[in-house]
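Encoded as structure tokens, the structure appears first; notes follow it.
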Amino acid sequence: MTVRVWNYLPEYAEERADILDAVETVFGSGQLVLGESVRSFEAEFADYHGLAHGIGVDNGTNAIELALRGLGIQPGDEVITVSNTAAPTVVAIDAMGATPVFVDIRESDYLMDTDQVAAAITERTRAILPVHLYGQCVDMAPLMELAATHELRILEDCAQAHGARRNGVVAGSTGHAAAYSFYPTKVLGAYGDGGAVLTDDKETADAVRRLRFYGMEDRYFVVQTPGHNSRLDEVQAEILRRKLRRLDTYIADRQAIAARYASALGDTDLVLPSVTPGNDHVYYVYVVRHPRRDDILARLKSYDINLNISYPWPVHAQTGFAKLGYQPGSLPVTEALAEEIFSLPMYPSLSADVQDKVIHAVREVLSTL
Ligand SMILES: *Cc1c(COP(=O)(O)O)cnc(C)c1O
């Protein structure tokens with residue numbers, strides 16, 4: 001079988017009884033939409049983060065959009081974020097009519113260069129959207145200071161950082177709200193689409209709760225602003241409840257796999273992920289860097305290893321975002337990175353055999369470049 005960066009089937013084989021029991025629990029419950037499983041998952045997921053409110057939504061993109069709207073961000077407002085992210089971060093900002101403004105990333109950990117944020121603030125800036133990319137946390141302290149000085153809202157994009165910590169503080173618990181995706185590949189993944197917004201602020205939580213349910217406060221009455229239909233599915237919520245209990249184990253498994261890559265590839269000229277001091281990396285993806293990236297990926301195909309690039313094009317370089325007006329060269333670290341990165345297989349149920357096959361092939365390819 002072709003080796004890919006992600007495969008959920010070994011995990012499903014282990015957890016099948018529990019997953020099918022979750023499905024059966026919902027089907028037999030008598031309530032298929034916004035029932036007990038969604039309510040319980042919302043409470044349990046918020047609790048995991050020490051936060052007061054959780055709102056389950058249909059996916060991570062809508063979690064970001066509804067969280068921005070719930071935080072009071074308006075069309076025409078500027079939101080500072082990064083271009084080195086999954087396009088949905090920026091799609092969500094665009095979808096609510098706000099304007100994304102990009103800062104570059106750091107060479108070391110590929111995360112938002114928080115030193116560049118102050119200079120990007122204008123009188124239209126209303127929010128900062130740090131992305132805890134690849135499984136590692138952005139330093140929130142300087143952002144929270146800027147937010148206090150300039151009266152900005154901070155939304156954390158935690159779609160790749162479930163359970164990641166910085167100085168012991170879990171991702172998503174520092175800003176004014178946090179958005180999560182439970183797309184199957186994520187560190188906490190559903191068996192389909194899902195997302196959530198977490199916040200300590202009741203007003204924001206109430207707003208997001210209305211927005212995911214057409215804008216209705218109660219049934220059949222849109223009180224303030226028309227919303228979406230963005231409900232988290234009841235079956236996915238019940239599966240996520242089961243998997244949340246294993247989240248810390250999934251993370252430990254990912255970290256063990258990362259440690260194995262580091263010891264087996266540390267003497268090669270691949271640039272391995274660098275963990276910033278204070279961070280607990282959860283390795284959503286294991287991103288490595290090499291100037292001959294394209295040759296390496298091509299040669300690995302002859303070993304039946306088909307890897308992925310997260311992400312091959314920075315968002316500002318995608319034609320759909322040409323309207324934002326960024327020229328090539330405007331975000332040099334982001335642009336250089338995109339030419340050189342690729343991801344090694346990473347998922348909790350990755351077997352030692354498959355990992356060894358990848359390590360062996362990568363070493364052989366590197367030695368014959
Ligand atoms: C996956 C992801 C999203 C979007 O989540 P979906 O559930 O696919 O809509 C947003 N931001 C980041 C950083 C992601 O990785």
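Chains: A, B, ... in order of the structure tokens. Residues: from 1 per chain. Ligands: from 1, in order shown.
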For the contact check between chain A and ligand 1, emit one row per residue of chain A within 9 Å, containing the shortest atom pair and the distance in Å rounded to one decimal, counting only C-alpha atoms and all ligand atoms, chain then rising number order, as JSON lines.
```
{"residue": "A:Asp58", "atom": "CA", "partner": "ligand 1", "partner_atom_place_in_ligand_line": "7 (O)", "distance": 7.6}
{"residue": "A:Asn59", "atom": "CA", "partner": "ligand 1", "partner_atom_place_in_ligand_line": "7 (O)", "distance": 3.9}
{"residue": "A:Gly60", "atom": "CA", "partner": "ligand 1", "partner_atom_place_in_ligand_line": "5 (O)", "distance": 3.4}
{"residue": "A:Thr61", "atom": "CA", "partner": "ligand 1", "partner_atom_place_in_ligand_line": "9 (O)", "distance": 3.7}
{"residue": "A:Asn62", "atom": "CA", "partner": "ligand 1", "partner_atom_place_in_ligand_line": "9 (O)", "distance": 6.5}
{"residue": "A:Ala63", "atom": "CA", "partner": "ligand 1", "partner_atom_place_in_ligand_line": "9 (O)", "distance": 7.7}
{"residue": "A:Ile64", "atom": "CA", "partner": "ligand 1", "partner_atom_place_in_ligand_line": "10 (C)", "distance": 7.4}
{"residue": "A:Thr85", "atom": "CA", "partner": "ligand 1", "partner_atom_place_in_ligand_line": "13 (C)", "distance": 5.5}
{"residue": "A:Ala86", "atom": "CA", "partner": "ligand 1", "partner_atom_place_in_ligand_line": "13 (C)", "distance": 4.9}
{"residue": "A:Ala87", "atom": "CA", "partner": "ligand 1", "partner_atom_place_in_ligand_line": "11 (N)", "distance": 7.1}
{"residue": "A:Pro88", "atom": "CA", "partner": "ligand 1", "partner_atom_place_in_ligand_line": "10 (C)", "distance": 4.7}
{"residue": "A:Thr89", "atom": "CA", "partner": "ligand 1", "partner_atom_place_in_ligand_line": "11 (N)", "distance": 4.5}
{"residue": "A:Val90", "atom": "CA", "partner": "ligand 1", "partner_atom_place_in_ligand_line": "11 (N)", "distance": 8.2}
{"residue": "A:Val91", "atom": "CA", "partner": "ligand 1", "partner_atom_place_in_ligand_line": "10 (C)", "distance": 8.8}
{"residue": "A:Ala92", "atom": "CA", "partner": "ligand 1", "partner_atom_place_in_ligand_line": "10 (C)", "distance": 8.3}
{"residue": "A:Val131", "atom": "CA", "partner": "ligand 1", "partner_atom_place_in_ligand_line": "13 (C)", "distance": 6.0}
{"residue": "A:His132", "atom": "CA", "partner": "ligand 1", "partner_atom_place_in_ligand_line": "13 (C)", "distance": 7.2}
{"residue": "A:Leu133", "atom": "CA", "partner": "ligand 1", "partner_atom_place_in_ligand_line": "13 (C)", "distance": 6.1}
{"residue": "A:Tyr134", "atom": "CA", "partner": "ligand 1", "partner_atom_place_in_ligand_line": "15 (O)", "distance": 7.9}
{"residue": "A:Asp157", "atom": "CA", "partner": "ligand 1", "partner_atom_place_in_ligand_line": "13 (C)", "distance": 6.0}
{"residue": "A:Cys158", "atom": "CA", "partner": "ligand 1", "partner_atom_place_in_ligand_line": "13 (C)", "distance": 6.7}
{"residue": "A:Ala159", "atom": "CA", "partner": "ligand 1", "partner_atom_place_in_ligand_line": "14 (C)", "distance": 4.6}
{"residue": "A:Gln160", "atom": "CA", "partner": "ligand 1", "partner_atom_place_in_ligand_line": "15 (O)", "distance": 5.1}
{"residue": "A:Ala161", "atom": "CA", "partner": "ligand 1", "partner_atom_place_in_ligand_line": "13 (C)", "distance": 8.6}
{"residue": "A:Ala179", "atom": "CA", "partner": "ligand 1", "partner_atom_place_in_ligand_line": "10 (C)", "distance": 8.1}
{"residue": "A:Tyr180", "atom": "CA", "partner": "ligand 1", "partner_atom_place_in_ligand_line": "5 (O)", "distance": 7.2}
{"residue": "A:Ser181", "atom": "CA", "partner": "ligand 1", "partner_atom_place_in_ligand_line": "7 (O)", "distance": 4.2}
{"residue": "A:Phe182", "atom": "CA", "partner": "ligand 1", "partner_atom_place_in_ligand_line": "7 (O)", "distance": 5.8}
{"residue": "A:Tyr183", "atom": "CA", "partner": "ligand 1", "partner_atom_place_in_ligand_line": "7 (O)", "distance": 4.8}
{"residue": "A:Pro184", "atom": "CA", "partner": "ligand 1", "partner_atom_place_in_ligand_line": "7 (O)", "distance": 8.6}
{"residue": "A:Thr185", "atom": "CA", "partner": "ligand 1", "partner_atom_place_in_ligand_line": "1 (C)", "distance": 8.3}
{"residue": "A:Lys186", "atom": "CA", "partner": "ligand 1", "partner_atom_place_in_ligand_line": "1 (C)", "distance": 7.1}
{"residue": "A:Asp193", "atom": "CA", "partner": "ligand 1", "partner_atom_place_in_ligand_line": "7 (O)", "distance": 6.0}
{"residue": "A:Gly194", "atom": "CA", "partner": "ligand 1", "partner_atom_place_in_ligand_line": "7 (O)", "distance": 6.0}
{"residue": "A:Gly195", "atom": "CA", "partner": "ligand 1", "partner_atom_place_in_ligand_line": "7 (O)", "distance": 5.9}
{"residue": "A:Tyr284", "atom": "CA", "partner": "ligand 1", "partner_atom_place_in_ligand_line": "15 (O)", "distance": 8.9}
```
**Request:** Would you mind listing what lies within 8 Å of region 201-214 of chain A as a PyMOL selection string, with only C-alpha atoms counted and same-chain residues fewer than 4 positions away left out?
**Result:** chain A and resi 52-55+57+66-67+69-71+176-177+197+222+225-231
Residues near region 349-361 of chain A, cut-off 8 Å, only C-alpha atoms, skip fewer than 3 positions along chain, as an mmCIF file with N, CA, C and O atoms, in the first residue's frame:
```cif
data_model
loop_
_atom_site.group_PDB
_atom_site.id
_atom_site.type_symbol
_atom_site.label_atom_id
_atom_site.label_comp_id
_atom_site.auth_asym_id
_atom_site.auth_seq_id
_atom_site.Cartn_x
_atom_site.Cartn_y
_atom_site.Cartn_z
ATOM 1 N N VAL A 3 2.439 4.627 0.925
ATOM 2 C CA VAL A 3 2.569 5.350 2.197
ATOM 3 C C VAL A 3 2.224 6.810 1.953
ATOM 4 O O VAL A 3 2.751 7.437 1.033
ATOM 5 N N ASN A 7 -3.267 8.465 7.473
ATOM 6 C CA ASN A 7 -4.103 7.305 7.208
ATOM 7 C C ASN A 7 -4.840 6.986 8.509
ATOM 8 O O ASN A 7 -4.211 6.740 9.527
ATOM 9 N N TYR A 8 -6.155 7.012 8.472
ATOM 10 C CA TYR A 8 -6.890 6.790 9.729
ATOM 11 C C TYR A 8 -7.267 5.324 9.933
ATOM 12 O O TYR A 8 -7.752 4.943 11.001
ATOM 13 N N PRO A 10 -5.654 2.372 10.465
ATOM 14 C CA PRO A 10 -5.158 1.612 11.626
ATOM 15 C C PRO A 10 -5.822 2.057 12.934
ATOM 16 O O PRO A 10 -6.110 1.221 13.802
ATOM 17 N N GLU A 11 -6.076 3.353 13.062
ATOM 18 C CA GLU A 11 -6.752 3.847 14.264
ATOM 19 C C GLU A 11 -8.189 3.333 14.327
ATOM 20 O O GLU A 11 -8.670 2.900 15.384
ATOM 21 N N ASP A 253 1.574 9.915 21.438
ATOM 22 C CA ASP A 253 1.980 9.055 20.318
ATOM 23 C C ASP A 253 2.641 9.885 19.215
ATOM 24 O O ASP A 253 3.661 9.481 18.646
ATOM 25 N N ILE A 257 6.557 9.605 17.822
ATOM 26 C CA ILE A 257 6.899 9.440 16.405
ATOM 27 C C ILE A 257 7.875 10.545 15.979
ATOM 28 O O ILE A 257 8.864 10.297 15.283
ATOM 29 N N TYR A 261 11.721 10.272 14.402
ATOM 30 C CA TYR A 261 12.244 10.948 13.201
ATOM 31 C C TYR A 261 13.487 11.749 13.554
ATOM 32 O O TYR A 261 14.486 11.730 12.830
ATOM 33 N N ALA A 264 16.483 9.558 14.007
ATOM 34 C CA ALA A 264 16.891 8.816 12.804
ATOM 35 C C ALA A 264 17.346 9.730 11.668
ATOM 36 O O ALA A 264 18.041 9.278 10.761
ATOM 37 N N LEU A 265 16.941 11.001 11.689
ATOM 38 C CA LEU A 265 17.256 11.896 10.568
ATOM 39 C C LEU A 265 18.072 13.106 10.994
ATOM 40 O O LEU A 265 18.388 13.978 10.183
ATOM 41 N N LEU A 300 11.006 9.793 -3.934
ATOM 42 C CA LEU A 300 10.305 8.973 -2.932
ATOM 43 C C LEU A 300 9.131 8.222 -3.559
ATOM 44 O O LEU A 300 8.738 7.159 -3.072
ATOM 45 N N TYR A 303 9.608 4.667 -4.208
ATOM 46 C CA TYR A 303 9.503 3.765 -3.040
ATOM 47 C C TYR A 303 8.037 3.582 -2.631
ATOM 48 O O TYR A 303 7.762 3.075 -1.547
ATOM 49 N N ILE A 305 6.095 6.008 -1.805
ATOM 50 C CA ILE A 305 5.850 6.951 -0.704
ATOM 51 C C ILE A 305 5.423 8.271 -1.341
ATOM 52 O O ILE A 305 6.178 8.859 -2.121
ATOM 53 N N LEU A 344 6.511 14.651 6.459
ATOM 54 C CA LEU A 344 6.668 13.198 6.614
ATOM 55 C C LEU A 344 5.396 12.641 7.259
ATOM 56 O O LEU A 344 4.687 13.357 7.956
ATOM 57 N N PRO A 345 5.110 11.352 7.035
ATOM 58 C CA PRO A 345 3.889 10.775 7.599
ATOM 59 C C PRO A 345 3.803 11.001 9.114
ATOM 60 O O PRO A 345 4.801 10.831 9.823
ATOM 61 N N MET A 346 2.633 11.414 9.586
ATOM 62 C CA MET A 346 2.434 11.682 11.012
ATOM 63 C C MET A 346 0.982 11.459 11.373
ATOM 64 O O MET A 346 0.103 12.181 10.888
ATOM 65 N N GLU A 364 18.126 7.157 1.991
ATOM 66 C CA GLU A 364 18.698 6.702 0.721
ATOM 67 C C GLU A 364 18.599 7.787 -0.351
ATOM 68 O O GLU A 364 19.556 8.059 -1.069
ATOM 69 N N VAL A 365 17.431 8.440 -0.425
ATOM 70 C CA VAL A 365 17.240 9.506 -1.422
ATOM 71 C C VAL A 365 18.210 10.655 -1.157
ATOM 72 O O VAL A 365 18.849 11.174 -2.079
#
```
**Request:** Enumerate as a ChimeraX atom specification all residues of region 34-269 of chain A assigned to strand (DSSP E) by DSSP on the backbone, naming them with the chain letters and numbers the document uses.
**Result:** /A:53-57,78-82,99-103,125-128,153-157,165-166,169-170,177-181,195-199,216-218,221-222
Write a file of the selected residues as a CSV table (one decimal), in the first residue's frame, keeping C-alpha atoms.
```csv
chain,number,residue,atom,x,y,z
A,53,HIS,CA,-18.2,28.3,26.8
A,54,GLY,CA,-18.0,25.9,23.8
A,55,ILE,CA,-20.1,26.1,20.7
A,56,GLY,CA,-20.0,23.2,18.2
A,57,VAL,CA,-20.1,24.2,14.6
A,78,GLU,CA,-8.7,44.7,9.1
A,79,VAL,CA,-7.6,41.4,10.7
A,80,ILE,CA,-3.8,40.8,11.0
A,81,THR,CA,-2.8,37.2,10.3
A,82,VAL,CA,-0.2,35.2,8.4
A,99,THR,CA,-9.7,42.5,5.1
A,100,PRO,CA,-6.8,40.1,5.9
A,101,VAL,CA,-3.4,41.9,6.5
A,102,PHE,CA,-0.4,39.6,6.5
A,103,VAL,CA,2.8,39.7,8.5
A,125,THR,CA,-7.4,47.1,12.5
A,126,ARG,CA,-9.8,45.4,14.8
A,127,ALA,CA,-8.4,41.9,15.4
A,128,ILE,CA,-5.3,39.7,15.3
A,153,ARG,CA,-9.8,41.3,19.7
A,154,ILE,CA,-7.6,38.2,19.4
A,155,LEU,CA,-8.9,35.0,17.8
A,156,GLU,CA,-6.6,32.0,18.0
A,157,ASP,CA,-6.7,29.6,15.0
A,165,ARG,CA,0.8,24.2,25.2
A,166,ARG,CA,3.2,27.1,25.7
A,169,VAL,CA,-0.9,27.2,28.9
A,170,VAL,CA,-3.1,25.3,26.5
A,177,ALA,CA,-11.9,33.4,21.5
A,178,ALA,CA,-10.4,30.3,19.8
A,179,ALA,CA,-11.5,28.4,16.7
A,180,TYR,CA,-11.0,24.7,16.1
A,181,SER,CA,-11.5,22.3,13.2
A,195,GLY,CA,-15.5,22.6,14.3
A,196,ALA,CA,-15.9,24.6,17.5
A,197,VAL,CA,-15.5,28.0,19.0
A,198,LEU,CA,-14.3,28.4,22.6
A,199,THR,CA,-14.4,31.6,24.7
A,216,MET,CA,-32.1,32.6,16.1
A,217,GLU,CA,-32.1,33.1,19.8
A,218,ASP,CA,-34.8,30.6,20.2
A,221,PHE,CA,-37.1,34.1,15.7
A,222,VAL,CA,-34.1,35.9,14.3
```
**Prompt:** Quick one: of A:Leu152, A:Leu129, A:Val362, A:Leu247, who's nearest to Pro348 (chain A), counting only C-alpha atoms?
**Reply:** A:Leu247
**Asked** When distances are computed from only C-alpha atoms, which of A:Gly172, A:Pro332, A:Pro291, A:Gly163 shows the smallest separation from Arg245 (chain A)?
**Response**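 Result for the nearest residue to Arg245 (chain A): A:Gly163.
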**Item:** helix (DSSP H, G or I) call set, DSSP backbone run, region 84-192 of chain A, as a list in words
**Value:** Ala87, Pro88, Thr89, Val90, Val91, Ala92, Ile93, Asp94, Ala95, Thr114, Asp115, Gln116, Val117, Ala118, Ala119, Ala120, Leu133, Tyr134, Gly135, Ala141, Pro142, Leu143, Met144, Glu145, Leu146, Ala147, Ala148, Thr149 and His150 of chain A
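For the pair CA of His316 (chain A) and CA of Asp280 (chain A), the interatomic distance is 29.0 Å.
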**Prompt:** So, counting only C-alpha atoms, which residue among A:Ser310, A:Gln224, A:Thr122, A:Gln236 is closest to Ala190 (chain A)?
**Reply:**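 Distance minimum relative to Ala190 (chain A) lands on A:Gln236.
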**Prompt:** A:Asp47, A:Glu15, A:Asp115, A:Glu123: which is nearest Ser173 (chain A), counting only C-alpha atoms?
**Reply:**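 The answer is A:Asp47, which sits nearest to Ser173 (chain A).
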Quick one: residues within 10 Å of Asp269 (chain A), only C-alpha atoms counted, chain neighbours fewer than 4 positions away excluded, as a compact mmCIF listing (two decimals) with N, CA and C atoms, in the first residue's frame?
```txt
# COMPACT_ATOMS: atom_id res chain seq x y z
N LEU A 265 16.94 11.00 11.69
CA LEU A 265 17.26 11.90 10.57
C LEU A 265 18.07 13.11 10.99
N ARG A 289 12.41 20.56 5.85
CA ARG A 289 12.78 21.55 4.84
C ARG A 289 14.07 21.13 4.15
N HIS A 290 14.10 21.30 2.81
CA HIS A 290 15.32 21.00 2.05
C HIS A 290 15.25 21.75 0.72
N PRO A 291 16.37 22.33 0.28
CA PRO A 291 16.33 23.09 -0.98
C PRO A 291 16.00 22.23 -2.20
N ARG A 363 16.59 8.57 3.83
CA ARG A 363 18.05 8.57 3.95
C ARG A 363 18.71 8.16 2.63
N LEU A 366 18.34 11.04 0.12
CA LEU A 366 19.24 12.17 0.45
C LEU A 366 20.69 11.84 0.08
N SER A 367 21.08 10.56 0.23
CA SER A 367 22.48 10.21 -0.02
C SER A 367 22.78 10.10 -1.51
```
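Put simply, CA of Glu234 (chain A) is 5.9 Å away from CA of Leu32 (chain A).
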**Message:** For a test of reading the model, state the distance in Å between CA of Val315 (chain A) and CA of Thr149 (chain A), rounded to one decimal.
**Reply:**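 Atom-to-atom, CA of Val315 (chain A) to CA of Thr149 (chain A), that is 28.7 Å.
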**Request:** Rank nothing, just name the residue among A:Leu20, A:Leu270, A:Met140, A:Ala256 nearest to Tyr347 (chain A), using only C-alpha atoms.
**Result:**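 Smallest separation from Tyr347 (chain A) among the options: A:Ala256.
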**Message:** Here is a test: counting only C-alpha atoms, which residue of A:Gly192, A:Met144, A:Asn84, A:Asp267 is nearest to Leu331 (chain A)?
**Reply:**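 Counting only C-alpha atoms, the residue closest to Leu331 (chain A) is A:Asn84.
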